[in-house]
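The structure appears below as structure tokens.
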Amino acid sequence: MNRAISIPLALQLVLVSCGRNISTWQPSGESPIIPIPAHSSQTGTSFSIGAPVRISVSGPGADLFLPSLNAWVEERSSQLGTPFLQSAAVAEANVTITIGDNAAGDDESYRLDSEDGRVRIDAGSPAGAFYGLQTLRQLFAVDDEGRVFLPSVHVADMPRFSYRGMHLDVGRHFFPVEFVKRYVDLLASYKMNRFHWHLTEDQGWRIQIDSYPKLTSVASCRAETIVERNFDPFVGDGEEYCGFYTKDEIREVVAYAAERFVTVIPEIEMPGHSLAALAAYPALSCTGGPFEVGTRWGVYEDIYCPSEETFAFLESVLDEVMDLFPGEYIHIGGDEAPKSTWEASELAQSVIRREGLADEHELQSYFIRRIETYLNSHGRKLIGWDEILEGGLAPDATVMSWRGTQGGIEAARRGHDVIMTPGSHMYFDHYQGKAENEPLAIGGFNPLENVYSFEPVPEELSSREATHVLGGQANVWTEYMLTADQVEYMAYPRALALSEVLWSPREARDWDSFVARLPRELEQLDRRGVNYRLPDVTGLERDQLTLEDFVVVELGVALSHAPIHYTLDGTDPDLTSPRYEGPFQISPGRGTVTVRARAFLTSGRATAPASATFRRVSPQVPHPILRSDLSTRLLRKYFEDDFHSVDELISSTPLSAGPAAPEHTPAKAHEHFGLTFDGYLHVPEEGIYEFTLASDDGSRLMIGSEIVVDHDGLHGMTERQGQIALQQGFHTFHLSYFQAAGGAGLSLRIQAPGWAVSRPIPSDWLFHLGGRALYF
Ligand code: ACM
């Protein structure tokens with residue numbers, strides 16, 4: 001699809017929804033549906049559908065479908081202001097839903113035909129009928145007289161992936177059952193079918209377990225919560241924070257989700273992220289405690305000890321969990337489990353000896369295998385985060401790849417099923433606009449277009465291996481989401497982009513088409529009272545350096561018919577500010593110019609201001625070193641200590657040093673360490689160079705005397721960018737990094753002038769001072 005087709009189509013939609021000229025529906029091959037269907041075409045002009053709208057349902061499993069149909073009918077009647085009725089008799093119905101005899105029960109396909117005042121939905125299963133109804137919802141339009149119109153269309157649709165998920169962390173912040181149901185209802189309306197409910201955390205245990213009552217009386221409450229990012233020194237809010245779901249509430253959510261063909265996947269974290277459980281039952285730890293339920297975010301060292309008592313506890317918990325959740329999958333976490341307490345524990349070491357294990361990573365693998373055997377013996381399957389690959393993967397485990405896609409690739413190659421949830425695209429706790437214009441978030445940058453660009457099947461996989469990629473999921477971690485409104489702000493509209501990634505055929509996905517279809521769906525979200533975020537004006541994502549007198553600024557917005565207005569004096573634009581008509585030139589002269597822009601909807605809502613500063617600079621002069629003095633690669637120094645900032649590396653003594661590339665893959669590293677990389681960067685031509693530095697935890701890049709990217713501090717795998725103007729020649733290079741407990745990783749990419757994308761720094765651009773410098 002191209003822009004030329006999709007924009008005029010959006011125009012038609014707006015006209016239809018305003019009711020000004022219903023007959024402007026034209027046969028054009030595209031429909032206003034998100035996620036875009038596998039096949040759809042308009043077969044004629046739009047027609048008015050008589051009131052009341054009578055719906056008949058028939059076929060096997062129709063009863064499974066009736067509760068969601070009832071809810072749908074009620075919502076349509078109130079939103080469209082016309083009566084919708086469920087009518088048993090096919091003869092008097094103007095919407096006829098027929099469910100086919102799908103023996104396998106996993107056929108989610110449907111066909112929808114609307115013409116001459118009638119709609120016919122033929123579905124492969126009750127789930128398919130449900131998806132047909134979601135499509136029908138998106139086709140209605142109402143004119144000024146309140147008449148309901150539908151386009152004449154033919155839709156033949158089915159999902160690309162069988163696993164289409166959204167996750168919600170209720171451990172860091174707790175959300176009431178009513179909100180959880182609304183969250184499930186919304187994701188189901190975009191044809192997603194898995195809800196991953198992250199129920200246990202260091203900061204709170206949220207599910208009633210009868211055999212261990214202290215999990216609710218003790219572990220569901222923390223004494224207070226860290227205020228914003230006040231880690232060091234710690235500042236808490238002084239307010240007790242509690243919450244858990246009773247078994248009846250869990251059953252209510254599971255049943256509600258089932259009516260919408262959503263399977264709930266509970267997550268019970270082990271062996272890490274278990275501090276709340278240890279506060280209730282300290283005997284499950286290696287040290288005996290005492291412990292308090294976590295009050296700050298991050299990764300805690302204290303985890304379950306691999307004792308028989310722990311396994312008996314977890315098996316009892318899982319018994320009760322399996323009783324509540326009928327789905328095939330149970331998620332057991334497995335991520336971010338520091339091994340220091342196991343290293344120091346006589347009991348853990350005795351299990352390593354008894355089982356003939358090599359180290360603590362194999363001990364974690366032994367732990368997960370035992371739990372997998374238990375789940376399998378009850379007819380269930382285990383899912384874990386990609387750390388379960390370390391030390392050997394449990395035989396039938398499904399892997400959720402979150403630290404990039406590499407874990408997923410490795411698991412698929414070994415014949416394991418995989419769900420793709422990489423932090424780069426699928427973490428909805430990351431910023432979706434510039435941090436200074438956004439509510440506090442954990443970090444990162446994952447705007448709508450980035451979500452939309454995600455491809456769940458990595459190119460590296462063969463077509464046979466690719467069949468193991470069951471689908472993908474977005475994760476909503478709630479450290480910085482204190483309210484339900486904030487969860488919706490972070491989840492929508494990114495969930496709409498996600499739905500298209502997971503449902504639609506790869507070749508049907510088209511960003512311009514999505515942008516053209518988005519405004520109408522945002523109106524639907526408005527009607528449902530969803531606190532979604534308006535997409536930003538694009539083109540101002542980053543401050544930019546320039547060597548030129550003039551810079552061309554090109555703006556855009558993922559909203560049709562929303563004019564952009566901008567200012568050049570730092571003030572907030574309004575409707576009286578200059579209107580953007582196309583790319584324009586600015587002149588930073590010897591200083592800076594700040595462009596600020598917003599798009600304005602006809603409803604009166606406006607996007608958050610987007611801004612970028614353009615700065616004219618002189619390029620840095622190179623170091624006068626000679627090529628003949630240098631050898632390739634960099635000098636890497638390795639440090640071991642409990643670092644909290646890269647500044648602490650300066651006064652530390654390294655344990656070892658040697659030539660290396662500026663990357664670090666976690667593998668089996670020590671839990672606390674630091675690395676520095678020193679040498680020279682060869683710059684092939686004068687220009688502006690952009691560096692993207694991703695790390696877990698902190699890192700910093702210096703070129704010459706300038707800090708180009710400062711990504712210091714305790715944090716998960718997030719990236720940050722910085723630019724520098726450099727003359728041709730050798731420039732000193734210093735990269736420092738430290739790892740505290742939990743996930744680890746470091747990667748640096750460069751974008752040279754004229755490159756469309758960033759890449760790892762070419763190895764023949766990096767040098768150190770030769771053999772002499774390697775010994776000290
Ligand atoms: C994770 O984000 N720790 C799975």
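Just so we're on the same page: first chain in the structure tokens is A, next is B, and so on; residues restart at 1 for each chain, and ligands are numbered from 1 in the order they show up.
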Which chains and residue numbers are within 10 Å of ligand 1, counting only C-alpha atoms and all ligand atoms, if I want them as a ChimeraX atom specification?
-> /A:272-273,298-299,333-337,384-387,400-403,421-423,427,429,475-477,716-717,742-743
Write out the residues from the selection above, keeping N, CA, C and O atoms, as a short mmCIF file (atom, residue, chain, number, x, y, z; two decimals), in the first residue's frame.
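Saved file selection.cif follows:
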data_model
loop_
_atom_site.label_atom_id
_atom_site.label_comp_id
_atom_site.auth_asym_id
_atom_site.auth_seq_id
_atom_site.Cartn_x
_atom_site.Cartn_y
_atom_site.Cartn_z
N GLY A 272 14.31 -15.77 41.41
CA GLY A 272 14.52 -14.37 41.81
C GLY A 272 13.20 -13.62 41.93
O GLY A 272 12.12 -14.21 41.85
N HIS A 273 13.30 -12.31 42.12
CA HIS A 273 12.13 -11.44 42.29
C HIS A 273 11.15 -12.05 43.31
O HIS A 273 9.92 -12.02 43.10
N GLY A 298 14.27 -2.51 41.13
CA GLY A 298 15.56 -3.09 40.75
C GLY A 298 15.58 -4.58 41.02
O GLY A 298 14.56 -5.25 40.99
N VAL A 299 16.79 -5.08 41.27
CA VAL A 299 17.00 -6.52 41.44
C VAL A 299 17.56 -6.73 42.84
O VAL A 299 18.51 -6.08 43.23
N GLY A 333 8.76 -17.06 35.50
CA GLY A 333 9.77 -16.00 35.60
C GLY A 333 11.13 -16.52 35.17
O GLY A 333 11.34 -16.83 34.01
N GLY A 334 12.06 -16.61 36.12
CA GLY A 334 13.39 -17.10 35.81
C GLY A 334 14.39 -16.00 35.50
O GLY A 334 15.58 -16.27 35.35
N ASP A 335 13.91 -14.74 35.38
CA ASP A 335 14.82 -13.64 35.02
C ASP A 335 15.51 -13.07 36.26
O ASP A 335 15.04 -13.23 37.38
N GLU A 336 16.60 -12.39 36.00
CA GLU A 336 17.26 -11.53 36.98
C GLU A 336 17.37 -12.17 38.36
O GLU A 336 16.90 -11.62 39.35
N ALA A 337 18.01 -13.35 38.40
CA ALA A 337 18.21 -14.04 39.68
C ALA A 337 19.71 -14.00 40.02
O ALA A 337 20.47 -14.83 39.52
N GLY A 384 9.32 -19.32 30.49
CA GLY A 384 10.21 -18.51 31.31
C GLY A 384 10.87 -17.43 30.48
O GLY A 384 10.93 -17.53 29.25
N TRP A 385 11.38 -16.39 31.15
CA TRP A 385 12.18 -15.34 30.48
C TRP A 385 13.47 -15.97 30.00
O TRP A 385 13.87 -17.05 30.45
N ASP A 386 14.18 -15.30 29.08
CA ASP A 386 15.27 -15.97 28.36
C ASP A 386 16.46 -16.38 29.23
O ASP A 386 17.29 -17.17 28.79
N GLU A 387 16.53 -15.91 30.49
CA GLU A 387 17.61 -16.38 31.36
C GLU A 387 17.53 -17.89 31.59
O GLU A 387 18.51 -18.50 32.00
N MET A 400 10.48 -16.70 26.59
CA MET A 400 10.09 -15.33 26.28
C MET A 400 11.36 -14.51 26.17
O MET A 400 12.06 -14.30 27.15
N SER A 401 11.67 -14.08 24.96
CA SER A 401 12.94 -13.41 24.67
C SER A 401 12.77 -11.92 24.95
O SER A 401 12.10 -11.22 24.19
N TRP A 402 13.39 -11.44 26.03
CA TRP A 402 13.21 -10.02 26.40
C TRP A 402 14.49 -9.23 26.30
O TRP A 402 14.47 -8.04 26.05
N ARG A 403 15.67 -9.90 26.47
CA ARG A 403 16.93 -9.16 26.37
C ARG A 403 17.35 -9.17 24.90
O ARG A 403 18.34 -9.78 24.53
N THR A 421 9.52 -10.73 22.93
CA THR A 421 9.15 -9.53 23.72
C THR A 421 10.38 -8.66 23.95
O THR A 421 10.64 -8.26 25.08
N PRO A 422 11.18 -8.36 22.92
CA PRO A 422 12.43 -7.65 23.17
C PRO A 422 12.21 -6.23 23.71
O PRO A 422 11.28 -5.53 23.28
N GLY A 423 13.08 -5.86 24.63
CA GLY A 423 12.99 -4.53 25.24
C GLY A 423 13.02 -3.40 24.22
O GLY A 423 12.40 -2.36 24.42
N TYR A 427 8.67 -3.17 25.03
CA TYR A 427 8.55 -2.70 26.41
C TYR A 427 7.77 -1.39 26.42
O TYR A 427 8.26 -0.35 26.03
N ASP A 429 6.85 0.13 28.98
CA ASP A 429 7.21 1.02 30.09
C ASP A 429 8.25 2.04 29.63
O ASP A 429 8.60 2.94 30.38
N ASN A 475 5.16 -5.82 27.07
CA ASN A 475 5.23 -5.89 28.53
C ASN A 475 5.02 -4.51 29.14
O ASN A 475 5.61 -3.53 28.71
N VAL A 476 4.16 -4.48 30.16
CA VAL A 476 3.83 -3.23 30.85
C VAL A 476 4.26 -3.38 32.31
O VAL A 476 3.50 -3.89 33.14
N TRP A 477 5.51 -3.00 32.57
CA TRP A 477 6.06 -3.02 33.93
C TRP A 477 5.70 -1.72 34.61
O TRP A 477 5.82 -0.64 34.00
N GLY A 716 18.12 -0.85 33.81
CA GLY A 716 18.02 -2.02 32.94
C GLY A 716 18.57 -1.68 31.56
O GLY A 716 19.14 -0.60 31.34
N MET A 717 18.35 -2.60 30.61
CA MET A 717 18.91 -2.45 29.26
C MET A 717 18.15 -1.36 28.50
O MET A 717 17.08 -1.60 27.94
N GLY A 742 21.74 -8.56 38.48
CA GLY A 742 20.65 -8.74 37.51
C GLY A 742 21.17 -8.73 36.09
O GLY A 742 22.31 -9.06 35.83
N GLY A 743 20.28 -8.35 35.16
CA GLY A 743 20.61 -8.36 33.73
C GLY A 743 21.87 -7.54 33.44
O GLY A 743 22.15 -6.57 34.13
#
Among segment 276-433 of chain A, which residues carry a DSSP assignment of helix (DSSP H, G or I), reported as an NGL selection string?
-> :A and (276-280 or 282-284 or 308-324 or 340-343 or 346-355 or 360-377 or 386-389 or 406-413 or 423-426)
Set out as JSON lines a contact list for segment 447-562 of chain A and segment 73-88 of chain A with a cut-off of 12 Å, giving each residue of segment 447-562 of chain A that qualifies its closest atom pair and distance in Å to one decimal, counting only C-alpha atoms, ordered by chain and rising residue number.
{"residue": "A:Glu523", "atom": "CA", "partner": "A:Gln79", "partner_atom": "CA", "distance": 11.6}
{"residue": "A:Gln524", "atom": "CA", "partner": "A:Gln79", "partner_atom": "CA", "distance": 9.4}
{"residue": "A:Leu525", "atom": "CA", "partner": "A:Gln79", "partner_atom": "CA", "distance": 11.7}
{"residue": "A:Asp526", "atom": "CA", "partner": "A:Gln79", "partner_atom": "CA", "distance": 11.2}
{"residue": "A:Arg527", "atom": "CA", "partner": "A:Gln79", "partner_atom": "CA", "distance": 7.5}
{"residue": "A:Arg528", "atom": "CA", "partner": "A:Gln79", "partner_atom": "CA", "distance": 8.9}
{"residue": "A:Gly529", "atom": "CA", "partner": "A:Gln79", "partner_atom": "CA", "distance": 11.8}
Using N, CA and C atoms, can you write the selected residues to a file as an mmCIF file, in the first residue's frame?
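Generated file (part-v2.cif):
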data_model
loop_
_atom_site.group_PDB
_atom_site.id
_atom_site.type_symbol
_atom_site.label_atom_id
_atom_site.label_comp_id
_atom_site.auth_asym_id
_atom_site.auth_seq_id
_atom_site.Cartn_x
_atom_site.Cartn_y
_atom_site.Cartn_z
ATOM 1 N N GLU A 523 -10.738 7.937 18.062
ATOM 2 C CA GLU A 523 -12.085 8.397 18.454
ATOM 3 C C GLU A 523 -12.832 7.311 19.216
ATOM 4 N N GLN A 524 -12.668 6.089 18.775
ATOM 5 C CA GLN A 524 -13.317 4.970 19.484
ATOM 6 C C GLN A 524 -12.763 4.862 20.898
ATOM 7 N N LEU A 525 -11.435 5.041 21.029
ATOM 8 C CA LEU A 525 -10.842 4.986 22.361
ATOM 9 C C LEU A 525 -11.361 6.136 23.222
ATOM 10 N N ASP A 526 -11.567 7.298 22.602
ATOM 11 C CA ASP A 526 -12.166 8.430 23.327
ATOM 12 C C ASP A 526 -13.525 8.037 23.882
ATOM 13 N N ARG A 527 -14.334 7.397 23.015
ATOM 14 C CA ARG A 527 -15.676 7.008 23.443
ATOM 15 C C ARG A 527 -15.634 6.016 24.590
ATOM 16 N N ARG A 528 -14.623 5.190 24.603
ATOM 17 C CA ARG A 528 -14.514 4.201 25.679
ATOM 18 C C ARG A 528 -13.784 4.781 26.893
ATOM 19 N N GLY A 529 -13.423 6.051 26.821
ATOM 20 C CA GLY A 529 -12.811 6.718 27.978
ATOM 21 C C GLY A 529 -11.380 6.275 28.253
#
Hey, what's within 8 Å of Gly61 of chain A if we count only C-alpha atoms and toss same-chain stuff fewer than 5 positions away? As a PyMOL selection string, please?
-> chain A and resi 99+125-126
Within 10 Å of Gly698 of chain A, counting only C-alpha atoms, which residues qualify if same-chain residues fewer than 2 places away don't, as a ChimeraX atom specification?
-> /A:643-646,674,693-696,700,710-718,736-740,744-746
Include N, CA and C atoms and write out the residues we just selected as a compact mmCIF listing (two decimals), in the first residue's frame.
# COMPACT_ATOMS: atom_id res chain seq x y z
N PHE A 643 30.03 -1.61 42.11
CA PHE A 643 29.97 -0.24 41.57
C PHE A 643 28.52 0.25 41.46
N HIS A 644 28.34 1.55 41.64
CA HIS A 644 27.03 2.18 41.40
C HIS A 644 27.11 3.30 40.38
N SER A 645 28.35 3.59 39.93
CA SER A 645 28.53 4.66 38.94
C SER A 645 29.84 4.39 38.20
N VAL A 646 29.91 4.78 36.94
CA VAL A 646 31.16 4.61 36.19
C VAL A 646 32.27 5.48 36.78
N GLY A 674 33.16 -4.08 36.47
CA GLY A 674 33.25 -2.88 35.63
C GLY A 674 34.17 -3.17 34.46
N LEU A 693 24.39 4.23 22.71
CA LEU A 693 25.02 3.44 23.76
C LEU A 693 23.91 2.75 24.56
N ALA A 694 23.89 1.42 24.52
CA ALA A 694 22.89 0.65 25.28
C ALA A 694 23.62 -0.10 26.37
N SER A 695 23.08 -0.08 27.57
CA SER A 695 23.75 -0.82 28.64
C SER A 695 22.79 -1.14 29.77
N ASP A 696 23.19 -2.16 30.52
CA ASP A 696 22.53 -2.57 31.76
C ASP A 696 23.67 -3.05 32.66
N ARG A 700 29.31 5.21 29.94
CA ARG A 700 29.59 6.57 29.47
C ARG A 700 30.61 6.50 28.35
N ASP A 710 26.18 10.08 28.11
CA ASP A 710 26.26 9.76 29.54
C ASP A 710 25.05 8.93 29.90
N HIS A 711 25.28 7.64 30.13
CA HIS A 711 24.17 6.72 30.43
C HIS A 711 24.48 6.03 31.76
N ASP A 712 25.00 6.84 32.71
CA ASP A 712 25.44 6.30 34.00
C ASP A 712 24.24 5.98 34.89
N GLY A 713 24.51 5.24 35.97
CA GLY A 713 23.48 4.96 36.98
C GLY A 713 22.98 3.53 36.89
N LEU A 714 22.18 3.14 37.90
CA LEU A 714 21.62 1.79 37.94
C LEU A 714 20.39 1.76 37.04
N HIS A 715 20.41 0.91 36.04
CA HIS A 715 19.22 0.79 35.20
C HIS A 715 19.25 -0.49 34.39
N GLY A 716 18.12 -0.85 33.81
CA GLY A 716 18.02 -2.02 32.94
C GLY A 716 18.57 -1.68 31.56
N MET A 717 18.35 -2.60 30.61
CA MET A 717 18.91 -2.45 29.26
C MET A 717 18.15 -1.36 28.50
N THR A 718 18.70 -0.16 28.50
CA THR A 718 18.10 0.95 27.75
C THR A 718 19.21 1.62 26.96
N SER A 736 33.27 3.54 29.42
CA SER A 736 33.29 2.86 30.72
C SER A 736 31.90 2.30 31.01
N TYR A 737 31.87 1.23 31.77
CA TYR A 737 30.62 0.48 31.99
C TYR A 737 30.72 -0.26 33.32
N PHE A 738 29.60 -0.34 34.03
CA PHE A 738 29.58 -1.23 35.20
C PHE A 738 28.30 -2.03 35.22
N GLN A 739 28.38 -3.19 35.88
CA GLN A 739 27.23 -4.08 36.02
C GLN A 739 26.97 -4.29 37.50
N ALA A 740 25.77 -3.94 37.97
CA ALA A 740 25.34 -4.32 39.32
C ALA A 740 24.51 -5.61 39.15
N ALA A 744 22.63 -7.96 32.42
CA ALA A 744 23.87 -7.28 32.08
C ALA A 744 23.97 -7.16 30.57
N GLY A 745 24.63 -6.11 30.10
CA GLY A 745 24.86 -6.00 28.67
C GLY A 745 25.37 -4.63 28.30
N LEU A 746 26.13 -4.58 27.21
CA LEU A 746 26.70 -3.32 26.74
C LEU A 746 26.79 -3.40 25.23
Within 12 Å of Leu112 of chain A, counting only C-alpha atoms, which residues show up once you throw out same-chain ones fewer than 5 positions away? Write them as an NGL selection string, please.
-> :A and (31 or 37 or 39-43 or 95-98 or 118-124 or 128-137 or 139 or 151-158)
Near Arg369 of chain A, within 9 Å and counting only C-alpha atoms, which residues show up once chain neighbours fewer than 6 positions away are dropped, as a ChimeraX atom specification?
-> /A:393-395,397
Please produce a file of the residues just selected, as a tab-separated table (two decimals), in the first residue's frame, where the atoms kept are C-alpha atoms.
chain	number	residue	atom	x	y	z
A	393	LEU	CA	17.21	-25.14	28.92
A	394	ALA	CA	14.44	-27.25	30.45
A	395	PRO	CA	13.39	-29.84	27.83
A	397	ALA	CA	10.19	-24.91	27.97
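The space separating atom CA of Gln751 of chain A from atom CA of Ile724 of chain A comes to 10.8 Å.
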Among segment 185-427 of chain A, which ones does DSSP place in strand (DSSP E or B), written as a PyMOL selection string?
-> chain A and resi 194-198+200-201+204-205+207+221-222+226-231+234-236+241-242+245+263-270+285+304+329-333+381-385+398-401+418-420+427
Show which residues sit within 6 Å of segment 554-559 of chain A, as a VMD selection string. Count only C-alpha atoms, and ignore same-chain residues fewer than 2 positions away.
-> chain A and resid 515 519 537 to 539 562 583
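Closest approach to Phe161 of chain A from the set A:Arg414, A:Arg54, A:His430, A:His468 is made by A:His468, with distances taken over only C-alpha atoms.
Minimum atom-to-atom distances from A:Gly165, A:Gly407, A:Gly44, A:Gly433 to Phe261 of chain A were compared using only C-alpha atoms, and the lowest value belongs to A:Gly165.
Take the candidates A:Ala741, A:Ile442, A:Ala661, A:Gln723 and check each one against Trp765 of chain A using only C-alpha atoms; the shortest distance goes to A:Ala661.
Atom CA of His378 of chain A is positioned 24.3 Å from atom CA of His167 of chain A.
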Choose the residue, out of A:Phe673, A:Glu108, A:Val469, A:Ala610, that has the smallest atom-to-atom separation from Asp642 of chain A; count only C-alpha atoms.
-> A:Phe673
Pick from A:Ser499, A:Val621, A:Asp359, A:Glu541 nearest to Val595 of chain A, counting only C-alpha atoms = A:Glu541
